[in-house]
Structures are given as structure tokens and as C-alpha cells.
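Participant: First the structure, then my questions, so here it is.
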Amino acid sequence: MSDQPTAAERFLNGILPENPVYRQLLGMCPVLAVTSGMKPAITMAGATAFVLIMSNTLVSLIRGLLKPHLRILVFTLTIATFVTIADRFLAAFMYDMSKQLGPYVPLIIVNCLIISRAEICASKQKLGTAVADAVGMSLGFALALASIATVREILGSGTWFGIDVLGSGWPAWGIMVLPPGAFLTLGLLLGGAEWFGKRRAAKAS
Amino acid sequence: METVSSLILIFIGAALINNFVLHYFVGICPFLGVSRRVDTAFGMGLAVTFVITIASFLSWVFTYYILRPGAPLPLWVWNVMGGAEGATVDLSVLSYIMYIFVIASSVQFVEMYVRKFQPKLYESFGVFLPLITTNCAILFACLEIMKHLQDPTQLWGLHEALVLAIGGGVGFTIAISLMAGIREELDLADVPEALKGAGIALIVAGIMAMAFMGFTGVDRGVEQALMALIGR
Amino acid sequence: MSDLPENTTEQAENVSMPPAVNGEAPGDGMAPGDAAADSASSLPEKKSYIGQAWLVILLAFCFGGGLAFVQTTLGPKIAENKRNETYSVIPTLVPGADQESTEELVVQGADGRDVRVYKAFSTAGEHLGWVIPARGQGFADVIEILVGQDASLETITGMYVLAQKETPGLGDFIRGEEFQSHFAGIPALPPLEVVKADPTETNEILALTGATISSESVTNIVNATIANLREVLATRAGSNAPE
């Protein structure tokens with residue numbers, strides 16, 4: 001057990017080195033769908049963080065009781081419950097945002113990131129490490145969402161968080177808030193992340 | 001005849017205009033992961049269509065009779081147990097859990113069927129068949145059906161739900177097969193190192209999404225043509 | 001040997017599922033699990049499925065209780081939010097109407113389908129007008145609107161776009177104040193028409209630049225709804241005392 005990563009390592013891992021979107025390529029559906037503006041992107045990041053942290057907490061607490069062939073069932077049940085809670089919470093207290101995010105909040109259930117963290121980390125390590133892992137991954141996910149949303153919102157509407165930043169002289173690139181803009185932005189940013197990663201690896205060696 | 005025309009519109013909407021992959025961004029993981037060769041991509045598309053149809057059928061049945069606000073079965077149980085008259089029973093908070101288990105069961109069922117009757121296909125799929133459970137497209141179809149079963153004055157029948165599911169699956173198959181065809185060609189092209197793999201695939205997807213945006217308004221034209229055909 | 005799992009589970013419940021502790025007595029959820037766990041250790045292999053599944057069954061009970069709690073506390077708030085979406089616009093669509101005095105009715109239109117309409121009253125109980133939800137195909141996707149009419153059904157008092165997915169920057173201006181103001185205070189008949197030059201007749205609506213089809217779609221929806229419900233709404237007019 002001592003060769004498993006520590007809590008601090010798990011936490012830092014999740015932000016950049018094993019970033020859920022840029023390195024692991026998980027959870028692309030919400031990343032493309034809700035990043036047309038910063039507000040929905042951050043709301044989605046918050047909802048995912050809630051589900052991930054609660055799910056890792058619960059799974060880590062009951063990890064001694066999990067039977068190997070039933071564990072996926074337990075993970076799925078846990079995640080679905082927390083997503084329902086998050087969805088209801090949003091519908092009650094942030095109704096307009098809930099309508100804008102639409103079906104993408106329940107789609108957190110099939111976000112491979114959460115079930116993979118439960119499988120890889122929470123079911124094998126103690127509570128503190130699992131929570132650190134969840135928080136780190138959530139921050140990494142939020143970082144990815146924010147980076148794409150920033151590009152799309154500024155180029156596509158000239159605003160950031162709804163605040164006008166480019167002035168009326170900028171002809172808004174409508175395509176950026178539409179589906180093609182999402183794919184192109186993510187593809188180019190992924191390429192950028194790859195390039196940075198390779199340069200750092202080349203410098204290290 | 002109006003029902004048929006609305007079904008055609010739902011199908012075209014789900015398959016082309018609001019393509020599940022290129023418009024709603026669901027099913028991206030297999031779209032990027034299994035689109036290297038056209039034959040595997042097409043097989044994956046058909047498997048997803050199969051699973052979506054079964055899962056949507058079960059979802060519709062469960063949602064219509066049990067999970068929507070004012071559903072008949074819980075109301076009957078409530079009355080049998082002596083509950084207050086005129087109450088509305090709303091079990092929709094259990095919807096997501098129900099859907100994910102319906103999907104997992106459908107995938108399990110399809111897996112057993114394929115393993116028994118098409119063993120070679122089963123082997124070529126490998127781990128991707130159980131991974132269909134985490135395919136956003138199927139849960140998305142179930143959520144769309146749930147959305148149309150909320151308002152008691154405008155309920156979708158089973159036929160509309162199935163047409164949406166099949167349309168979505170067909171749209172997914174079209175998108176993934178097109179992507180596979182393009183990527184087979186891309187293998188011979190000079191792609192920058194950093195963009196190889198997911199990067200260039202996403203850029204291609206963006207251009208495909210732009211192309212599919214050209215389908216906007218097709219349903220209006222089809223609707224007008226159908227209306228003219230039945231003489232209205 | 002069987003004590004350890006039970007204690008850990010209780011801990012798990014109390015630490016991570018506070019809603020469950022409030023929503024259901026832990027004793028109820030535990031009892032079947034206890035019995036099953038005990039029987040599993042003493043019965044032959046084939047009974048072990050239930051024994052192995054006791055955790056899933058227990059979690060199902062806990063989560064069910066938690067979700068029931070969430071639904072009981074948050075359900076009313078969500079229903080109120082949904083209701084407010086329509087109700088908060090009623091005073092704008094039918095000038096002088098009081099939001100709280102509104103009545104909901106389900107009527108059958110000329111096409112045979114049921115429609116839920118809202119009857120707008122003033123605070124004094126006078127029937128001021130109708131607010132009718134309508135939907136139809138727009139350029140990109142379905143457009144959902146609310147049409148306001150006065151009590152005599154002669155005038156359109158307003159139009160409000162609830163949901164649309166038209167082209168950003170072009171068609172989505174249908175939800176802007178300017179386009180919606182075209183519909184305020186014009187006669188309901190003859191049917192409205194969309195024109196590209198400045199309107200000369202009272203039933204002409206100026207199209208949005210670059211979004212003729214979106215403008216036409218909204219106008220068609222308004223016309224269709226008015227025609228569909230004209231007869232049945234005329235029979236339901238009048239001042240009922242609101243509750």
C-alpha cells in the first residue's frame with residue numbers, strides 16, 4: 001500500500017499532469033456543450049465537483065465492503081443519486097441556469113471521469129487521499145472548462161461572464177458559440193496542451 | 001397522415017438537423033475512440049442504435065406508467081394503500097437512477113445476444129461493447145423522452161419515442177462512419193505532431209458540424225412538402 | 001466477524017448521508033441487511049447472492065430515503081420556479097393583470113388537442129384577458145411563446161418568447177424587446193403578415209433583418225394559436241371570482 005500516491009500527489013496530479021480533459025480525454029460531452037459562456041461552464045464545474053467529491057467520499061468509506069463483481073453497480077447507484085441531488089438543487093435555486101444547462105447535468109452520471117476515479121483511487125485508498133484526489137480532479141476539470149469557455153465566449157460574444165470586454169467594434173464570431181466552434185476550440189487547445197507537454201518532456205530528458 | 005409527417009420530422013431532426021454527435025455533443029467518446037476504420041465504426045454505430053432503441057423502449061414504458069408526474073401505477077398503489085383522494089404522485093426524482101439501470105441492463109442483454117449468436121463480432125468489439133453503457137447518447141435519448149412526458153396535455157406516444165431513438169442512432173452511425181472514412185484518409189496525410197489523434201479528429205468534427213448546420217431548415221421544407229402532398 | 005461490517009456501515013451512513021438519517025430510521029434499512037448477512041455466513045454457496053448483495057440493498061434503501069427527503073424539501077420550490085416562469089410574464093402580456101389572480105384552464109382547441117391557457121384577472125376580479133402558450137417550428141428548432149389577448153379576443157396585447165434555439169445574433173433577436181413590441185396592441189384579425197419594408201397596415205409585422213424565417217415562424221405560430229382557440233375561449237370568457 002505504501003507505493004500508492006499520497007494525498008498531496010493525488011491532489012496535484014489532477015490539476016495539470018493528469019488533467020481530466022487535456023490528458024485523459026474524459027468528460028468531453030459537457031466540455032463541448034456548456035462552454036459557450038463562462039457562467040454555465042462554472043456552474044457545470046461546480047456540479048461535477050460536488051458529485052465527484054461526494055462519490056469519492058462515500059466509496060472510500062465503504063471500500064472495505066465492496067464485492068469485486070458488484071462494485072460497478074454500487075458506483076453507478078452512488079453517482080446517479082448524487083447527480084439527482086445536484087440537479088434538483090440547481091432547479092430549485094438556480095432555475096434559469098438549470099434550464100440552460102438542460103440535459104447536461106444528468107449526463108454527469110455517464111461522465112467517465114467520476115466512475116474512473118472511484119475505481120482507480122477511492123475504492124483503494126483512505127478517505128483523505130480520496131477527497132484530495134476528487135478536489136484535484138475537480139479543479140483540473142474546472143480549469144479545462146474555464147479555458148475553453150473563455151475562448152468561446154470572448155471570441156463568440158465579446159463578453160466574459162456576461163461583461164462586455166471587447167467593445168462594440170468587435171464583430172462577434174457567432175460560429176464560436178455554435179457546435180463547430182466548440183469542436184475547433186477543443187481540438188486546437190488539445191493540440192496546444194500536447195505541444196507544451198512534449199516540449200517539457202523533451203527539456204526534462 | 002399528420003402523425004406520419006410528425007414522425008418523419010422527428011426522425012430527420014434526430015438524424016440530421018440535430019445530430020446527436022455534431023449538434024448535441026453526446027457520444028463523443030466512441031466517436032473519437034472507435035472511428036479509425038469504417039467497418040468497426042459502422043458496427044459500433046449499429047450496436048449503439050440497437051441499444052438506444054431497446055433502452056428508449058424500456059424508458060418510455062417505465063416513465064409513462066411509473067415515473068412521470070401523475071403516472072397511473074403509483075397512483076393505483078397510493079389509492080390501494082388508502083392515500084388521500086385526488087393526490088398527484090410524482091416519482092420523477094428516481095428517473096435518472098431508473099434510466100442508468102435500464103441502459104446497463106440493455107447493454108448486458110445486447111452483449112449476451114451478440115456473444116451467443118455472433119461470436120466473431122463479439123471478439124472484434126472487445127471492451128467497447130460494455131463501454132456503450134457510458135455512451136452519453138443513450139442516456140440523452142432517455143432524457144429527451146422524459147422531457148416530452150412531463151406535460152399531461154402533450155404526451156409523446158411510444159411511436160414517437162422509438163422514432164427519436166432510431167433517428168438518433170442512425171445519426172450517430174452516419175457521423176461516426178463519415179469520421180472513420182475521413183480518418184482513414186488522414187492516416188496518409190501530414191498532420192502536425194501535436195494535433196495527431198484527438199486534436200485533428202476534433203478539428204475535423206468541427207468542420208463536419210459546420211457542414212451539418214446546412215441541414216437547418218430542412219424539416220420546414222419537408223413539412224411544407226408533406227402538407228402540400230396531403231392537400232392542406 | 002460479522003460485527004465489523006455493520007459498524008463501518010453505520011459510520012458510513014452517519015458521516016456521509018445525513019439526509020438518510022433524517023429521512024428514514026436506520027434501523028429499518030439495516031434489519032434486512034443484518035438478517036441477510038447472518039444467513040449468508042451460515043448457508044451453503046447458492047444462497048450467497050443475497051448475502052453478497054446486502055450492501056447494494058442497504059445503499060438502495062439509504063439513497064431512496066435521501067432522494068425522498070430531497071424531493072420533499074426541494075420539490076415545492078422547483079414547482080414554484082416553473083410556475084413563475086409563465087406567471088411572472090402575465091402582467092406584461094396583459095396590462096393591468098394581477099399575477100396571483102390568474103386561473104389555469106385546460107381547453108380543447110379546434111384541432112382537437114388540449115391546451116392549458118391562463119385567464120388573467122385584475123386585482124378587482126375583472127376578466128382582463130388571456131395568456132396562451134403556443135409552440136411551433138422555427139428556423140432551427142421549436143419555438144415556444146406566450147400570446148396575450150384581451151378578454152374580447154379582438155386585440156393581441158403582447159407576445160413573449162419562452163424558449164428558442166434560433167441563430168445567435170440573427171434569429172435570436174425574436175426574444176428582444178423590439179421584436180416583441182411589434183405584437184403589442186394590434187388587432188387579432190385579419191391574420192398577421194410579415195413584411196420587409198415598413199408596415200403600412202395594422203396587421204403587418206416588420207421582419208428582423210437577416211432573420212425573415214424566424215420572424216415568419218413566430219407570426220405563423222401566433223396566427224395559428226389565435227385561430228385554433230378563438231371559438232372555445234369566447235365561451236369561457238367572463239368574470240369568475242378568482243380564488
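FYI, nothing fancy with the C-alpha cells labels: chains A, B, ... in order, residues from 1 per chain, ligands from 1 as they appear.
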For the structure I just gave you, how does DSSP split chain B - specifically, which residues are helix (DSSP H, G or I)? Reply as JSON, numbers by chain.
Facilitator: {"B": [2, 3, 4, 5, 6, 7, 8, 9, 10, 11, 12, 13, 14, 15, 16, 17, 28, 29, 30, 31, 32, 33, 38, 39, 40, 41, 42, 43, 44, 45, 46, 47, 48, 49, 50, 51, 52, 53, 54, 55, 56, 57, 58, 59, 60, 61, 62, 63, 64, 65, 66, 67, 72, 73, 74, 75, 76, 77, 78, 79, 80, 92, 93, 94, 95, 96, 97, 98, 99, 100, 101, 102, 103, 104, 105, 106, 107, 108, 109, 110, 111, 112, 113, 114, 115, 116, 117, 119, 120, 121, 122, 123, 124, 125, 128, 129, 130, 131, 132, 133, 134, 136, 137, 138, 139, 140, 141, 142, 143, 144, 145, 146, 147, 158, 159, 160, 161, 162, 163, 164, 165, 166, 167, 168, 169, 170, 171, 172, 173, 174, 175, 176, 177, 178, 179, 180, 181, 182, 183, 184, 185, 186, 193, 194, 195, 198, 199, 200, 201, 202, 203, 204, 205, 206, 207, 208, 209, 210, 211, 212, 213, 218, 219, 220, 221, 222, 223, 224, 225, 226, 227, 228, 229]}
Participant: Which residues of chain A are close to chain B, meaning at most 8 Å apart when you count only C-alpha atoms, and how do they look as an MDAnalysis selection string?
Facilitator: chainID A and resid 26 28:30 32:33 76:77 80:81 84 103 106:107 110:112 179:184 186:188 190:192 194:195
Participant: Output N, CA, C and O atoms for every residue in the selection just made, as a compact mmCIF listing (two decimals), in the first residue's frame.
Facilitator:
```
# COMPACT_ATOMS: atom_id res chain seq x y z
N LEU A 26 -11.36 12.66 -20.88
CA LEU A 26 -12.63 12.20 -20.33
C LEU A 26 -13.60 13.37 -20.20
O LEU A 26 -13.19 14.51 -20.08
N MET A 28 -15.79 14.70 -22.27
CA MET A 28 -15.78 15.68 -23.36
C MET A 28 -17.17 16.22 -23.66
O MET A 28 -17.31 17.33 -24.13
N CYS A 29 -18.21 15.41 -23.39
CA CYS A 29 -19.55 15.84 -23.75
C CYS A 29 -19.93 17.16 -23.06
O CYS A 29 -20.30 18.11 -23.74
N PRO A 30 -19.83 17.24 -21.72
CA PRO A 30 -20.15 18.53 -21.11
C PRO A 30 -19.18 19.62 -21.51
O PRO A 30 -19.56 20.78 -21.66
N LEU A 32 -17.78 20.26 -24.30
CA LEU A 32 -18.16 20.89 -25.55
C LEU A 32 -19.50 21.60 -25.43
O LEU A 32 -19.73 22.62 -26.07
N ALA A 33 -20.38 21.05 -24.59
CA ALA A 33 -21.75 21.53 -24.63
C ALA A 33 -21.99 22.81 -23.82
O ALA A 33 -22.76 23.66 -24.24
N THR A 76 -22.30 3.14 -9.74
CA THR A 76 -23.34 3.75 -10.57
C THR A 76 -24.48 4.27 -9.71
O THR A 76 -24.95 5.40 -9.90
N LEU A 77 -24.92 3.46 -8.75
CA LEU A 77 -26.02 3.87 -7.88
C LEU A 77 -25.65 5.15 -7.13
O LEU A 77 -26.42 6.11 -7.05
N ALA A 80 -25.46 8.19 -9.55
CA ALA A 80 -26.78 8.62 -10.02
C ALA A 80 -27.52 9.37 -8.92
O ALA A 80 -28.20 10.38 -9.18
N THR A 81 -27.41 8.91 -7.67
CA THR A 81 -28.09 9.59 -6.58
C THR A 81 -27.56 11.00 -6.39
O THR A 81 -28.32 11.96 -6.28
N THR A 84 -28.69 13.32 -9.10
CA THR A 84 -30.08 13.74 -8.92
C THR A 84 -30.16 14.86 -7.89
O THR A 84 -30.87 15.85 -8.09
N PRO A 103 -30.10 18.97 -20.32
CA PRO A 103 -29.83 17.56 -20.03
C PRO A 103 -28.39 17.29 -19.65
O PRO A 103 -28.05 16.14 -19.35
N PRO A 106 -27.77 15.87 -15.76
CA PRO A 106 -27.89 14.42 -15.59
C PRO A 106 -26.85 13.63 -16.36
O PRO A 106 -26.51 12.52 -15.97
N LEU A 107 -26.29 14.20 -17.44
CA LEU A 107 -25.28 13.47 -18.18
C LEU A 107 -23.96 13.34 -17.40
O LEU A 107 -23.06 12.63 -17.84
N VAL A 110 -22.87 9.71 -16.68
CA VAL A 110 -22.05 8.90 -17.58
C VAL A 110 -20.73 9.57 -17.90
O VAL A 110 -20.05 9.16 -18.84
N ASN A 111 -20.36 10.56 -17.11
CA ASN A 111 -19.05 11.17 -17.26
C ASN A 111 -18.01 10.17 -16.76
O ASN A 111 -17.93 9.89 -15.56
N CYS A 112 -17.20 9.64 -17.68
CA CYS A 112 -16.28 8.56 -17.31
C CYS A 112 -15.33 8.97 -16.21
O CYS A 112 -14.80 8.13 -15.48
N PRO A 179 -21.96 24.72 -32.30
CA PRO A 179 -21.19 23.47 -32.21
C PRO A 179 -19.84 23.46 -32.93
O PRO A 179 -18.86 23.01 -32.34
N PRO A 180 -19.73 23.95 -34.18
CA PRO A 180 -18.40 23.87 -34.81
C PRO A 180 -17.33 24.58 -33.99
O PRO A 180 -16.22 24.07 -33.84
N GLY A 181 -17.67 25.73 -33.41
CA GLY A 181 -16.71 26.46 -32.60
C GLY A 181 -16.23 25.65 -31.41
O GLY A 181 -15.07 25.70 -31.04
N ALA A 182 -17.15 24.87 -30.82
CA ALA A 182 -16.76 24.04 -29.68
C ALA A 182 -15.70 23.02 -30.09
O ALA A 182 -14.66 22.89 -29.45
N PHE A 183 -15.99 22.30 -31.17
CA PHE A 183 -15.04 21.28 -31.63
C PHE A 183 -13.68 21.88 -31.99
O PHE A 183 -12.63 21.37 -31.59
N LEU A 184 -13.73 22.99 -32.74
CA LEU A 184 -12.47 23.60 -33.18
C LEU A 184 -11.65 24.09 -31.99
O LEU A 184 -10.44 23.87 -31.92
N LEU A 186 -11.74 23.09 -28.80
CA LEU A 186 -11.18 21.99 -28.02
C LEU A 186 -10.04 21.33 -28.77
O LEU A 186 -8.99 21.01 -28.20
N GLY A 187 -10.21 21.12 -30.10
CA GLY A 187 -9.15 20.48 -30.88
C GLY A 187 -7.86 21.28 -30.84
O GLY A 187 -6.78 20.74 -30.59
N LEU A 188 -7.97 22.61 -31.04
CA LEU A 188 -6.76 23.43 -31.07
C LEU A 188 -6.11 23.51 -29.68
O LEU A 188 -4.89 23.44 -29.54
N LEU A 190 -6.35 21.29 -27.29
CA LEU A 190 -5.75 19.99 -27.03
C LEU A 190 -4.38 19.89 -27.71
O LEU A 190 -3.40 19.42 -27.12
N GLY A 191 -4.34 20.35 -28.97
CA GLY A 191 -3.06 20.36 -29.68
C GLY A 191 -2.03 21.19 -28.94
O GLY A 191 -0.88 20.79 -28.78
N GLY A 192 -2.48 22.36 -28.44
CA GLY A 192 -1.58 23.21 -27.68
C GLY A 192 -1.06 22.52 -26.43
O GLY A 192 0.14 22.56 -26.12
N GLU A 194 -0.81 19.29 -25.87
CA GLU A 194 0.11 18.23 -26.29
C GLU A 194 1.50 18.81 -26.56
O GLU A 194 2.52 18.28 -26.13
N TRP A 195 1.51 19.92 -27.28
CA TRP A 195 2.78 20.53 -27.69
C TRP A 195 3.58 20.96 -26.48
O TRP A 195 4.78 20.70 -26.38
```
Participant: Report as an MDAnalysis selection string the set of chain B residues whose atoms approach chain C to within 7 Å, with distances computed over only C-alpha atoms.
Facilitator: chainID B and resid 93 153 216:217
Participant: Just want the 10 Å neighbourhood of Thr57 in chain A, counted on only C-alpha atoms, with same-chain residues fewer than 5 positions away dropped. Output as an mmCIF file with N, CA, C and O atoms, in the first residue's frame.
Facilitator:
```cif
data_model
loop_
_atom_site.group_PDB
_atom_site.id
_atom_site.type_symbol
_atom_site.label_atom_id
_atom_site.label_comp_id
_atom_site.auth_asym_id
_atom_site.auth_seq_id
_atom_site.Cartn_x
_atom_site.Cartn_y
_atom_site.Cartn_z
ATOM 1 N N VAL A 51 -20.509 16.198 -7.241
ATOM 2 C CA VAL A 51 -20.742 14.769 -7.432
ATOM 3 C C VAL A 51 -19.456 13.981 -7.226
ATOM 4 O O VAL A 51 -19.439 12.943 -6.553
ATOM 5 N N LEU A 52 -18.343 14.480 -7.764
ATOM 6 C CA LEU A 52 -17.077 13.755 -7.675
ATOM 7 C C LEU A 52 -16.619 13.630 -6.228
ATOM 8 O O LEU A 52 -16.229 12.557 -5.763
ATOM 9 N N ILE A 62 -16.828 3.077 2.180
ATOM 10 C CA ILE A 62 -17.333 1.702 2.162
ATOM 11 C C ILE A 62 -16.440 0.768 1.365
ATOM 12 O O ILE A 62 -16.842 -0.324 1.000
ATOM 13 N N ARG A 63 -15.191 1.194 1.117
ATOM 14 C CA ARG A 63 -14.349 0.413 0.211
ATOM 15 C C ARG A 63 -14.074 -0.976 0.758
ATOM 16 O O ARG A 63 -13.818 -1.905 -0.007
ATOM 17 N N ALA A 118 -13.487 6.690 -8.958
ATOM 18 C CA ALA A 118 -13.965 5.757 -7.929
ATOM 19 C C ALA A 118 -13.215 4.432 -8.039
ATOM 20 O O ALA A 118 -12.808 3.839 -7.047
ATOM 21 N N ALA A 122 -10.649 5.928 -5.180
ATOM 22 C CA ALA A 122 -11.462 5.910 -3.961
ATOM 23 C C ALA A 122 -11.671 4.507 -3.411
ATOM 24 O O ALA A 122 -11.739 4.308 -2.200
ATOM 25 N N SER A 123 -11.760 3.510 -4.294
ATOM 26 C CA SER A 123 -12.050 2.169 -3.791
ATOM 27 C C SER A 123 -10.815 1.511 -3.212
ATOM 28 O O SER A 123 -10.875 0.407 -2.689
ATOM 29 N N LYS A 126 -7.555 5.565 1.394
ATOM 30 C CA LYS A 126 -8.363 6.037 2.507
ATOM 31 C C LYS A 126 -9.006 7.384 2.192
ATOM 32 O O LYS A 126 -8.728 8.013 1.191
ATOM 33 N N LEU A 127 -9.866 7.812 3.116
ATOM 34 C CA LEU A 127 -10.766 8.938 2.886
ATOM 35 C C LEU A 127 -10.022 10.206 2.483
ATOM 36 O O LEU A 127 -10.368 10.876 1.516
ATOM 37 N N GLY A 128 -8.973 10.543 3.247
ATOM 38 C CA GLY A 128 -8.273 11.804 2.979
ATOM 39 C C GLY A 128 -7.703 11.848 1.574
ATOM 40 O O GLY A 128 -7.828 12.849 0.858
ATOM 41 N N THR A 129 -7.066 10.743 1.161
ATOM 42 C CA THR A 129 -6.482 10.695 -0.178
ATOM 43 C C THR A 129 -7.562 10.779 -1.242
ATOM 44 O O THR A 129 -7.408 11.467 -2.255
ATOM 45 N N ALA A 130 -8.662 10.056 -1.002
ATOM 46 C CA ALA A 130 -9.740 10.055 -1.996
ATOM 47 C C ALA A 130 -10.308 11.460 -2.175
ATOM 48 O O ALA A 130 -10.576 11.897 -3.299
ATOM 49 N N VAL A 131 -10.500 12.161 -1.061
ATOM 50 C CA VAL A 131 -11.045 13.519 -1.164
ATOM 51 C C VAL A 131 -10.057 14.434 -1.876
ATOM 52 O O VAL A 131 -10.424 15.244 -2.721
ATOM 53 N N ALA A 132 -8.758 14.284 -1.549
ATOM 54 C CA ALA A 132 -7.749 15.114 -2.218
ATOM 55 C C ALA A 132 -7.758 14.859 -3.715
ATOM 56 O O ALA A 132 -7.674 15.778 -4.532
ATOM 57 N N ALA A 134 -10.303 13.806 -5.468
ATOM 58 C CA ALA A 134 -11.519 14.377 -6.051
ATOM 59 C C ALA A 134 -11.378 15.880 -6.233
ATOM 60 O O ALA A 134 -11.743 16.437 -7.274
ATOM 61 N N ALA C 12 -20.613 4.904 8.023
ATOM 62 C CA ALA C 12 -20.727 5.470 6.677
ATOM 63 C C ALA C 12 -22.023 6.243 6.542
ATOM 64 O O ALA C 12 -22.069 7.338 6.042
ATOM 65 N N VAL C 15 -21.864 9.524 8.685
ATOM 66 C CA VAL C 15 -20.894 10.533 8.252
ATOM 67 C C VAL C 15 -21.283 11.111 6.905
ATOM 68 O O VAL C 15 -21.283 12.310 6.702
ATOM 69 N N SER C 16 -21.652 10.253 5.978
ATOM 70 C CA SER C 16 -21.780 10.771 4.618
ATOM 71 C C SER C 16 -23.200 10.876 4.113
ATOM 72 O O SER C 16 -23.424 11.358 3.041
#
```
Participant: Excluding Val38 in chain B and residues on its chain fewer than 2 positions from it, collect all residues at most 8 Å away from it, counting only C-alpha atoms, and give them as a ChimeraX atom specification.
Facilitator: /B:35-36,40-42,177-178,180-181,184
Participant: Name the closest residue to Ile145 in chain B among the candidates B:Asn18, B:Ser59, B:Asn79, B:Ser5; distances are taken between atoms, counting only C-alpha atoms.
Facilitator: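 Result for the nearest residue to Ile145 in chain B: B:Ser59.
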Participant: Taking 2 positions as the minimum chain separation for residues in the same chain, which residues sit within 6 Å of Gly14 in chain A when counting only C-alpha atoms? Answer as a list in words.
Facilitator: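 Here the qualifying residues turn out to be Phe11, Leu12, Leu16, Glu18, Asn19, Gly136, Met137 and Gly140 of chain A.
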Participant: Could the residues in this selection be written to a file with C-alpha atoms, as a PDB file, in the first residue's frame?
Facilitator:
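Okay, again07.pdb is ready:
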```
ATOM      1  CA  PHE A  11      -4.301  16.475  -5.499  1.00  0.00           C
ATOM      2  CA  LEU A  12      -1.576  17.992  -7.659  1.00  0.00           C
ATOM      3  CA  LEU A  16      -2.373  19.597 -14.776  1.00  0.00           C
ATOM      4  CA  GLU A  18      -3.379  14.138 -15.352  1.00  0.00           C
ATOM      5  CA  ASN A  19      -5.900  16.793 -16.300  1.00  0.00           C
ATOM      6  CA  GLY A 136      -7.653  17.936  -7.566  1.00  0.00           C
ATOM      7  CA  MET A 137      -9.551  16.389 -10.455  1.00  0.00           C
ATOM      8  CA  GLY A 140      -8.438  20.325 -13.284  1.00  0.00           C
TER       9      GLY A 140
END
```
Participant: Counting only C-alpha atoms, what are the residues of chain A within 7 Å of chain C, and for each of them which pair of atoms is the nearest and at what distance in Å, to one decimal? Sort the table by chain and rising number, as a Markdown table.
Facilitator:
```
| residue | atom | partner | partner_atom | distance |
| --- | --- | --- | --- | --- |
| A:Leu58 | CA | C:Ser16 | CA | 6.4 |
| A:Leu61 | CA | C:Ala12 | CA | 6.0 |
| A:Ile62 | CA | C:Ala12 | CA | 6.8 |
| A:Leu65 | CA | C:Pro5 | CA | 6.9 |
| A:Val74 | CA | C:Val56 | CA | 6.3 |
| A:Thr81 | CA | C:Phe63 | CA | 6.5 |
| A:Ile85 | CA | C:Val70 | CA | 6.9 |
| A:Arg88 | CA | C:Leu74 | CA | 6.9 |
| A:Ala91 | CA | C:Ile78 | CA | 5.9 |
| A:Ala92 | CA | C:Ile78 | CA | 4.6 |
| A:Tyr95 | CA | C:Asn81 | CA | 6.7 |
| A:Gly174 | CA | C:Pro168 | CA | 6.5 |
```
Participant: Smallest atom-to-atom distance to Arg230 in chain C: which of C:Phe173, C:Tyr118, C:Trp130, C:Tyr87, using only C-alpha atoms?
Facilitator: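 Smallest distance to Arg230 in chain C is found for C:Trp130.
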Participant: So which bits of range 33-202 of chain A end up strand (DSSP E or B) when you DSSP the backbone, as an NGL selection string?
Facilitator: :A and (159-160 or 163-164)
Participant: Excluding same-chain residues fewer than 2 positions from range 157-164 of chain B, what lies within 7 Å of it counting only C-alpha atoms, as a list in words?
Facilitator: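 Those residues are Leu7, Ile10, Phe11, Ala14, Thr53, Ser56, Phe57, Trp60, Ile145, Leu155, Ile166, Gly167 and Gly168 of chain B.
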Participant: Please report the interatomic distance between CA of Ser152 in chain C and CA of Ala134 in chain C in Å with one decimal.
Facilitator: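 Computing it gives 19.3 Å between the two atoms.
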Participant: List the spatial neighbours of Pro40 in chain A as a list of chain:residue names - criterion: any atom at most 9 Å away, only C-alpha atoms, same-chain residues fewer than 4 positions off excluded.
Facilitator: A:Val34, A:Thr35, A:Ser36, A:Met44, A:Ala45, A:Met97, A:Ser98, A:Gln100, A:Leu101, A:Ala149
Participant: Which residue gives the smallest distance to Tyr104 in chain A among A:Asn56, A:Ser157, A:Thr150, A:Thr48, with only C-alpha atoms counted?
Facilitator: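 Under the stated criterion, the closest residue is A:Thr48.
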